[in-house]
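Here is upload-v5.txt, consisting of compact mmCIF, C-alpha atoms:
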```txt
# COMPACT_ATOMS: atom_id res chain seq x y z
CA MET J 1 20.00 -9.40 -38.15
CA LEU J 2 21.77 -9.41 -34.78
CA ILE J 3 20.36 -5.96 -34.00
CA ARG J 4 16.81 -7.10 -34.83
CA TRP J 5 17.20 -10.22 -32.72
CA SER J 6 18.57 -8.18 -29.81
CA LEU J 7 15.67 -5.72 -30.05
CA ALA J 8 13.17 -8.59 -30.12
CA VAL J 9 14.74 -10.13 -27.02
CA LEU J 10 14.76 -6.76 -25.24
CA LEU J 11 11.12 -6.10 -26.09
CA GLY J 12 10.21 -9.56 -24.90
CA LEU J 13 12.00 -9.01 -21.60
CA LEU J 14 10.31 -5.63 -21.12
CA ALA J 15 6.91 -7.12 -21.91
CA GLY J 16 7.56 -9.93 -19.44
CA LEU J 17 8.55 -7.50 -16.72
CA TRP J 18 5.52 -5.29 -17.39
CA THR J 19 3.06 -8.17 -17.20
CA ALA J 20 4.75 -10.02 -14.32
CA GLN J 21 2.43 -10.82 -11.44
CA ARG J 22 2.90 -11.80 -7.83
CA PRO J 23 0.59 -14.78 -7.29
CA GLY J 24 -2.00 -14.71 -4.55
CA ASP J 25 -2.19 -17.13 -1.66
CA PRO J 26 -5.52 -19.02 -1.56
CA ALA J 27 -4.76 -20.04 2.02
CA LEU J 28 -5.01 -16.36 2.98
CA PHE J 29 -7.44 -14.83 0.46
CA PRO J 30 -10.34 -15.01 0.12
CA PRO J 31 -11.51 -16.05 3.60
CA GLN J 32 -13.01 -19.52 3.82
CA ASP J 33 -16.59 -20.13 4.91
CA ALA J 34 -15.77 -20.70 8.56
CA GLN J 35 -13.41 -17.73 8.83
CA ALA J 36 -14.43 -14.34 10.12
CA ALA J 37 -13.51 -11.68 7.57
CA ILE J 38 -11.62 -8.51 8.44
CA VAL J 39 -12.60 -5.64 6.16
CA VAL J 40 -9.98 -3.23 4.82
CA HIS J 41 -10.32 -0.52 2.20
CA LEU J 42 -8.06 0.66 -0.61
CA LEU J 43 -8.25 4.34 -1.55
CA ASP J 44 -6.97 5.96 -4.75
CA ASN J 45 -6.54 9.73 -5.08
CA GLY J 46 -5.52 9.46 -8.72
CA PHE J 47 -1.81 8.83 -8.26
CA HIS J 48 -1.33 7.49 -4.73
CA THR J 49 -2.95 4.61 -2.82
CA ASP J 50 -3.67 4.30 0.90
CA LEU J 51 -4.94 1.33 2.84
CA VAL J 52 -7.51 1.86 5.57
CA ALA J 53 -7.73 -0.76 8.30
CA PRO J 54 -9.75 -1.12 11.52
CA ARG J 55 -7.83 0.44 14.36
CA ALA J 56 -8.69 -2.35 16.79
CA ALA J 57 -7.26 -5.00 14.47
CA LEU J 58 -4.07 -3.02 13.84
CA ALA J 59 -3.57 -2.42 17.55
CA GLY J 60 -3.62 -6.13 18.39
CA GLY J 61 -0.34 -7.46 19.71
CA ASP J 62 2.62 -5.88 21.45
CA ASP J 63 4.90 -4.73 18.66
CA ALA J 64 6.03 -1.35 17.36
CA LEU J 65 3.03 -1.03 15.05
CA ALA J 66 0.52 -1.77 17.82
CA ARG J 67 2.09 0.78 20.12
CA ALA J 68 2.20 3.40 17.36
CA VAL J 69 -1.48 2.84 16.54
CA LEU J 70 -2.51 3.04 20.19
CA ALA J 71 -0.72 6.40 20.50
CA LEU J 72 -2.69 8.00 17.63
CA GLN J 73 -5.49 10.48 18.10
CA PRO J 74 -9.06 9.03 18.23
CA GLY J 75 -10.51 7.32 15.16
CA ASP J 76 -11.87 3.82 14.55
CA TRP J 77 -10.00 3.53 11.25
CA VAL J 78 -6.37 4.13 10.36
CA ARG J 79 -5.13 5.21 6.95
CA ILE J 80 -1.82 3.60 6.08
CA GLY J 81 0.49 4.96 3.40
CA TRP J 82 4.14 4.99 2.46
CA GLY J 83 6.33 7.39 0.55
CA ASP J 84 9.40 9.59 0.31
CA ALA J 85 10.37 11.10 3.67
CA VAL J 86 10.22 14.66 2.30
CA PHE J 87 7.94 14.80 -0.73
CA TYR J 88 5.22 12.64 0.87
CA VAL J 89 5.09 14.72 4.03
CA GLU J 90 5.23 18.19 2.58
CA GLN J 91 2.15 19.90 1.19
CA GLY J 92 1.62 22.80 -1.17
CA PRO J 93 1.17 23.48 -4.89
CA ILE J 94 2.58 20.62 -6.93
CA SER J 95 4.21 23.14 -9.30
CA ARG J 96 6.54 24.24 -6.50
CA ARG J 97 7.35 20.66 -5.56
CA LEU J 98 8.29 19.29 -8.97
CA PRO J 99 12.08 19.62 -8.45
CA ASP J 100 11.80 17.72 -5.18
CA GLY J 101 9.64 15.13 -6.93
CA GLY J 102 12.44 14.59 -9.43
CA ARG J 103 14.88 14.09 -6.57
CA ALA J 104 12.55 11.56 -4.91
CA LEU J 105 12.27 9.55 -8.13
CA PHE J 106 15.78 9.63 -9.51
CA LYS J 107 18.30 10.29 -6.72
CA PRO J 108 21.06 7.67 -7.01
CA GLY J 109 20.77 5.15 -4.22
CA GLY J 110 17.19 6.12 -3.43
CA ASN J 111 15.76 8.10 -0.55
CA PRO J 112 14.67 7.64 3.07
CA SER J 113 10.98 6.85 3.39
CA VAL J 114 8.17 7.02 5.92
CA VAL J 115 5.06 5.06 6.88
CA MET J 116 2.01 7.25 7.48
CA LEU J 117 -0.53 6.29 10.15
CA ASP J 118 -3.53 8.62 10.10
CA PRO J 119 -6.51 8.04 12.42
CA ASP J 120 -9.89 8.56 10.77
CA PRO J 121 -13.30 8.63 12.50
CA VAL J 122 -15.15 8.27 9.17
CA ASP J 123 -16.09 4.80 7.93
CA PRO J 124 -14.42 4.47 4.49
CA ALA J 125 -17.48 2.54 3.27
CA LEU J 126 -19.19 5.95 3.06
CA LEU J 127 -16.71 7.14 0.43
CA SER J 128 -17.40 6.98 -3.30
CA ASP J 129 -16.85 3.70 -5.12
CA GLU J 130 -14.80 5.66 -7.65
CA ILE J 131 -11.98 6.16 -5.17
CA ARG J 132 -12.48 3.11 -2.94
CA THR J 133 -12.59 -0.64 -3.11
CA THR J 134 -13.43 -2.82 -0.13
CA LEU J 135 -11.65 -6.09 0.58
CA SER J 136 -12.55 -8.92 2.94
CA LEU J 137 -9.44 -10.62 4.33
CA SER J 138 -9.17 -13.78 6.35
CA SER J 139 -7.80 -13.44 9.88
CA ASP J 140 -4.51 -15.01 8.75
CA GLY J 141 -4.47 -12.78 5.68
CA PHE J 142 -4.88 -9.65 7.77
CA THR J 143 -2.18 -10.85 10.17
CA ALA J 144 0.22 -11.29 7.23
CA LEU J 145 -0.75 -7.89 5.77
CA ARG J 146 -0.24 -6.25 9.16
CA ALA J 147 3.15 -7.95 9.56
CA ARG J 148 4.26 -6.53 6.20
CA VAL J 149 3.37 -3.01 7.35
CA ALA J 150 5.13 -3.56 10.68
CA SER J 151 8.27 -4.84 8.93
CA SER J 152 8.62 -1.50 7.16
CA LEU J 153 8.93 0.45 10.40
CA GLN J 154 12.32 1.52 11.65
CA ARG J 155 12.67 0.85 15.37
CA ASP J 156 14.79 2.38 18.09
CA ALA J 157 16.88 0.50 20.66
CA GLU J 158 13.76 -0.15 22.74
CA GLY J 159 11.79 -1.54 19.81
CA ARG J 160 9.57 1.52 19.31
CA ALA J 161 8.64 3.01 15.95
CA VAL J 162 10.64 6.17 15.24
CA ILE J 163 8.60 9.30 14.53
CA ALA J 164 10.08 11.09 11.51
CA ALA J 165 7.60 13.93 10.97
CA ARG J 166 4.25 15.47 11.80
CA ARG J 167 2.21 18.14 10.06
CA PRO J 168 0.76 21.19 11.82
CA ASP J 169 -2.94 20.77 12.62
CA ASP J 170 -2.93 17.20 11.29
CA ASP J 171 -3.41 13.94 13.18
CA ALA J 172 -1.28 11.94 10.74
CA VAL J 173 2.04 10.68 12.11
CA PHE J 174 4.91 9.74 9.80
CA TYR J 175 7.20 6.99 11.07
CA ALA J 176 10.67 6.32 9.68
CA SER J 177 10.72 3.31 7.35
CA GLN J 178 13.51 0.84 6.72
CA GLU J 179 12.75 0.82 2.99
CA THR J 180 14.10 2.99 0.19
CA PHE J 181 11.96 5.17 -2.08
CA TRP J 182 12.95 5.52 -5.74
CA VAL J 183 11.40 5.16 -9.18
CA GLY J 184 11.74 1.38 -8.98
CA HIS J 185 9.97 1.20 -5.61
CA LEU J 186 7.22 3.80 -5.32
CA CYS J 187 4.27 4.23 -2.98
CA ASN J 188 1.98 2.08 -5.10
CA HIS J 189 4.58 -0.69 -5.34
CA TRP J 190 4.61 -0.73 -1.54
CA THR J 191 0.81 -0.90 -1.31
CA ALA J 192 0.78 -3.77 -3.80
CA GLU J 193 3.38 -5.63 -1.75
CA VAL J 194 1.32 -5.18 1.42
CA LEU J 195 -1.85 -6.45 -0.29
CA ASN J 196 0.08 -9.36 -1.78
CA ALA J 197 1.30 -10.26 1.71
CA GLY J 198 -2.37 -10.50 2.65
CA GLY J 199 -2.94 -13.07 -0.09
CA LEU J 200 -4.08 -10.99 -3.08
CA PRO J 201 -2.45 -11.43 -6.51
CA MET J 202 -0.77 -8.16 -7.49
CA PRO J 203 1.14 -6.82 -10.50
CA MET J 204 4.85 -6.15 -10.00
CA VAL J 205 6.22 -3.41 -12.30
CA ARG J 206 2.75 -2.24 -13.35
CA SER J 207 1.90 -1.43 -9.75
CA LEU J 208 3.77 1.85 -10.17
CA THR J 209 0.35 3.39 -10.97
CA SER J 210 -2.48 3.68 -8.46
CA GLY J 211 -4.96 2.59 -11.11
CA ALA J 212 -3.18 -0.73 -11.68
CA VAL J 213 -3.22 -1.51 -7.95
CA MET J 214 -6.88 -0.55 -7.69
CA ARG J 215 -7.85 -2.69 -10.68
CA ALA J 216 -5.97 -5.69 -9.31
CA ALA J 217 -7.66 -5.34 -5.92
CA ARG J 218 -11.12 -5.01 -7.48
CA THR J 219 -10.53 -8.02 -9.71
CA ALA J 220 -9.42 -10.10 -6.73
CA GLU J 221 -12.48 -9.12 -4.70
CA GLN J 222 -14.83 -9.77 -7.63
CA ARG J 223 -13.37 -13.24 -8.15
CA ALA J 224 -13.69 -13.90 -4.43
CA ALA J 225 -17.37 -12.91 -4.62
CA GLU J 226 -17.90 -15.21 -7.60
CA LEU J 227 -16.33 -18.11 -5.71
CA ASP J 228 -18.58 -17.36 -2.77
CA LEU J 229 -21.66 -17.44 -5.02
CA ARG J 230 -20.61 -20.73 -6.58
CA GLY J 231 -20.11 -22.20 -3.13
CA ALA J 232 -23.57 -21.05 -2.11
CA ASP J 233 -25.12 -22.62 -5.22
CA ASP J 234 -23.37 -25.91 -4.51
```
Written as structure tokens, that's how I'd like the structure from this file.
Amino acid sequence: MLIRWSLAVLLGLLAGLWTAQRPGDPALFPPQDAQAAIVVHLLDNGFHTDLVAPRAALAGGDDALARAVLALQPGDWVRIGWGDAVFYVEQGPISRRLPDGGRALFKPGGNPSVVMLDPDPVDPALLSDEIRTTLSLSSDGFTALRARVASSLQRDAEGRAVIAARRPDDDAVFYASQETFWVGHLCNHWTAEVLNAGGLPMPMVRSLTSGAVMRAARTAEQRAAELDLRGADD
């Protein structure tokens, strides 16, 4: 009987963790009628998510993130991602990288990580709806989202973002992050945290998959559109 009760409690705890949700902030998302919206995009390549934000909006201010964005190669948009400092940067057949992937996931104590900033001249709105969702953030929501990205950056003694890696023939720059990468805090967890900072409700444990983050973002934007329609009807 005790074993059955213990298993029931454990299953209940696991179910609670799996369904746990970070609530959104209606003061930040969606934008109110009088607020100018700032459009960002969420991209999903099947296992990893990137945010794409307007370069001009990211470059506002005088912090480490602004200076890093201004130093990028030309491009009106900037792709923003986060991941393990080695596995995320390196390229090549996944079959050769599986041992390193295991290290990134399960190394005791976690691993150093990086924030990717990649300038892009192509408007993400031109990409397929299958891999993209578009979000309209309030000005305050974008400011909070941007602050969450900036807080991840490791800074040197002069307050500048620290470059950790570059790729040959690639405009992406990888900046050292203050956060730790491990199976309990993966790239999609980070993206969900950034979107949640901008006011969107996001899953917690379930955000380990790119699909869960994408679904949550699409649901939030759809509900925002429904609210907008109701407001128009009123």
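Proximity to J:Val114 was assessed for J:Phe29, J:Ala212, J:Ser177, J:Val39 counting all atoms listed in the file; the smallest distance is recorded for J:Ser177.
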Output as a tab-separated table one row per residue of stretch 78-192 of chain J within 10 Å of stretch 49-55 of chain J: the closest atom pair and its distance in Å to one decimal place, counting all atoms listed in the file, sorted by chain and residue number ascending.
```
residue	atom	partner	partner_atom	distance
J:Val78	CA	J:Val52	CA	5.4
J:Arg79	CA	J:Val52	CA	4.3
J:Ile80	CA	J:Leu51	CA	5.0
J:Gly81	CA	J:Asp50	CA	4.9
J:Trp82	CA	J:Asp50	CA	8.0
J:Met116	CA	J:Asp50	CA	9.2
J:Leu117	CA	J:Val52	CA	9.5
J:Asp118	CA	J:Val52	CA	9.1
J:Pro119	CA	J:Arg55	CA	8.0
J:Asp120	CA	J:Val52	CA	8.8
J:Asp123	CA	J:Val52	CA	9.4
J:Pro124	CA	J:Val52	CA	7.5
J:Ile131	CA	J:Thr49	CA	9.5
J:Arg132	CA	J:Thr49	CA	9.6
J:Thr133	CA	J:Leu51	CA	9.9
J:Thr134	CA	J:Val52	CA	9.5
J:Phe142	CA	J:Ala53	CA	9.4
J:Arg146	CA	J:Ala53	CA	9.3
J:Cys187	CA	J:Thr49	CA	7.2
J:Asn188	CA	J:Thr49	CA	6.0
J:His189	CA	J:Thr49	CA	9.5
J:Trp190	CA	J:Thr49	CA	9.3
J:Thr191	CA	J:Thr49	CA	6.8
J:Ala192	CA	J:Thr49	CA	9.2
```
Written selection (C-alpha atoms) as a compact mmCIF listing (two decimals), in the coordinates of the input:
```
# COMPACT_ATOMS: atom_id res chain seq x y z
CA VAL J 78 -6.37 4.13 10.36
CA ARG J 79 -5.13 5.21 6.95
CA ILE J 80 -1.82 3.60 6.08
CA GLY J 81 0.49 4.96 3.40
CA TRP J 82 4.14 4.99 2.46
CA MET J 116 2.01 7.25 7.48
CA LEU J 117 -0.53 6.29 10.15
CA ASP J 118 -3.53 8.62 10.10
CA PRO J 119 -6.51 8.04 12.42
CA ASP J 120 -9.89 8.56 10.77
CA ASP J 123 -16.09 4.80 7.93
CA PRO J 124 -14.42 4.47 4.49
CA ILE J 131 -11.98 6.16 -5.17
CA ARG J 132 -12.48 3.11 -2.94
CA THR J 133 -12.59 -0.64 -3.11
CA THR J 134 -13.43 -2.82 -0.13
CA PHE J 142 -4.88 -9.65 7.77
CA ARG J 146 -0.24 -6.25 9.16
CA CYS J 187 4.27 4.23 -2.98
CA ASN J 188 1.98 2.08 -5.10
CA HIS J 189 4.58 -0.69 -5.34
CA TRP J 190 4.61 -0.73 -1.54
CA THR J 191 0.81 -0.90 -1.31
CA ALA J 192 0.78 -3.77 -3.80
```
**OP:** Take the point (1.3, -14.9, 3.0) in the file's coordinates, draw a sphere of radius 7 Å around it, and report as a PyMOL selection string every protein, DNA or RNA residue with an atom inside or on it, counting only C-alpha atoms.
**Re:** chain J and resi 25+28+141+144+197-199
Subject >> Near-J:His185 list (12 Å; only C-alpha atoms; drop same-chain fewer than 2 positions) as a PyMOL selection string >> reply: chain J and resi 82-84+104-106+109-113+179-183+187-193+204-209
Subject >> For J:Pro26: contacts at 12 Å, all atoms listed in the file, fewer than 3 positions along chain excluded, given as a list of chain:residue names >> reply: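 What passes the distance filter is J:Pro23, J:Phe29, J:Pro30, J:Pro31, J:Gln32, J:Leu137, J:Ser138, J:Asp140, J:Gly141, J:Asn196, J:Ala197, J:Gly198, J:Gly199, J:Leu200, J:Pro201, J:Ala220, J:Arg223, J:Ala224, J:Leu227.
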Those same residues - C-alpha atoms - I'd like them written as a PDB file, keeping the file's coordinate frame.
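The result, written out as out-v2.pdb:
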```pdb
ATOM      1  CA  PRO J  23       0.590 -14.780  -7.290  1.00  0.00           C
ATOM      2  CA  PHE J  29      -7.440 -14.830   0.460  1.00  0.00           C
ATOM      3  CA  PRO J  30     -10.340 -15.010   0.120  1.00  0.00           C
ATOM      4  CA  PRO J  31     -11.510 -16.050   3.600  1.00  0.00           C
ATOM      5  CA  GLN J  32     -13.010 -19.520   3.820  1.00  0.00           C
ATOM      6  CA  LEU J 137      -9.440 -10.620   4.330  1.00  0.00           C
ATOM      7  CA  SER J 138      -9.170 -13.780   6.350  1.00  0.00           C
ATOM      8  CA  ASP J 140      -4.510 -15.010   8.750  1.00  0.00           C
ATOM      9  CA  GLY J 141      -4.470 -12.780   5.680  1.00  0.00           C
ATOM     10  CA  ASN J 196       0.080  -9.360  -1.780  1.00  0.00           C
ATOM     11  CA  ALA J 197       1.300 -10.260   1.710  1.00  0.00           C
ATOM     12  CA  GLY J 198      -2.370 -10.500   2.650  1.00  0.00           C
ATOM     13  CA  GLY J 199      -2.940 -13.070  -0.090  1.00  0.00           C
ATOM     14  CA  LEU J 200      -4.080 -10.990  -3.080  1.00  0.00           C
ATOM     15  CA  PRO J 201      -2.450 -11.430  -6.510  1.00  0.00           C
ATOM     16  CA  ALA J 220      -9.420 -10.100  -6.730  1.00  0.00           C
ATOM     17  CA  ARG J 223     -13.370 -13.240  -8.150  1.00  0.00           C
ATOM     18  CA  ALA J 224     -13.690 -13.900  -4.430  1.00  0.00           C
ATOM     19  CA  LEU J 227     -16.330 -18.110  -5.710  1.00  0.00           C
TER      20      LEU J 227
END
```
**OP:** Enter the distance from atom CA of J:Gly92 to atom CA of J:Val194, in Å, rounded to one decimal.
**Re:**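 Between atom CA of J:Gly92 and atom CA of J:Val194 the gap works out to 28.1 Å.
A straight line drawn from atom CA of J:Leu58 to atom CA of J:Ala225 is 24.8 Å long.
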**OP:** May I ask which of the residues J:Ala66, J:Arg103, J:Glu130, J:Ala172 is the closest one to J:Arg215, counting only C-alpha atoms?
**Re:**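 Residue with the minimum atom-to-atom distance to J:Arg215: J:Glu130.
Between J:Asp76 and the residues J:Val162, J:Leu42, J:Ala56, J:Ala157, the shortest atom-to-atom distance, using all atoms listed in the file, involves J:Ala56.
Residue nearest J:Pro99, chosen from J:Leu65, J:Val86, J:Val115, J:Met214 and counting all atoms listed in the file: J:Val86.
Closest to J:Val89 among J:Arg166, J:Arg218, J:Arg155, J:Arg67 is J:Arg166, based on all atoms listed in the file.
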Subject >> Counting all atoms listed in the file, the option among J:Val213, J:Ala176, J:Leu135, J:Leu72 closest to J:Gln154 >> reply: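 Residue with the minimum atom-to-atom distance to J:Gln154: J:Ala176.
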Original post:
Separation of atom CA of J:Ser136 and atom CA of J:Met202, in Å?
Top reply: 15.8 Å
Original post:
Could you name the residues that touch J:Arg97 at 10 Å or less, counting only C-alpha atoms, but leaving out those on the same chain fewer than 6 positions away, as a list of chain:residue names?
Top reply: J:Phe87, J:Glu90, J:Gln91
Original post:
Using all atoms listed in the file, which residues sit within 8 Å of J:Ile163 once same-chain residues fewer than 3 positions away are excluded, as a ChimeraX atom specification?
Top reply: /J:173-176
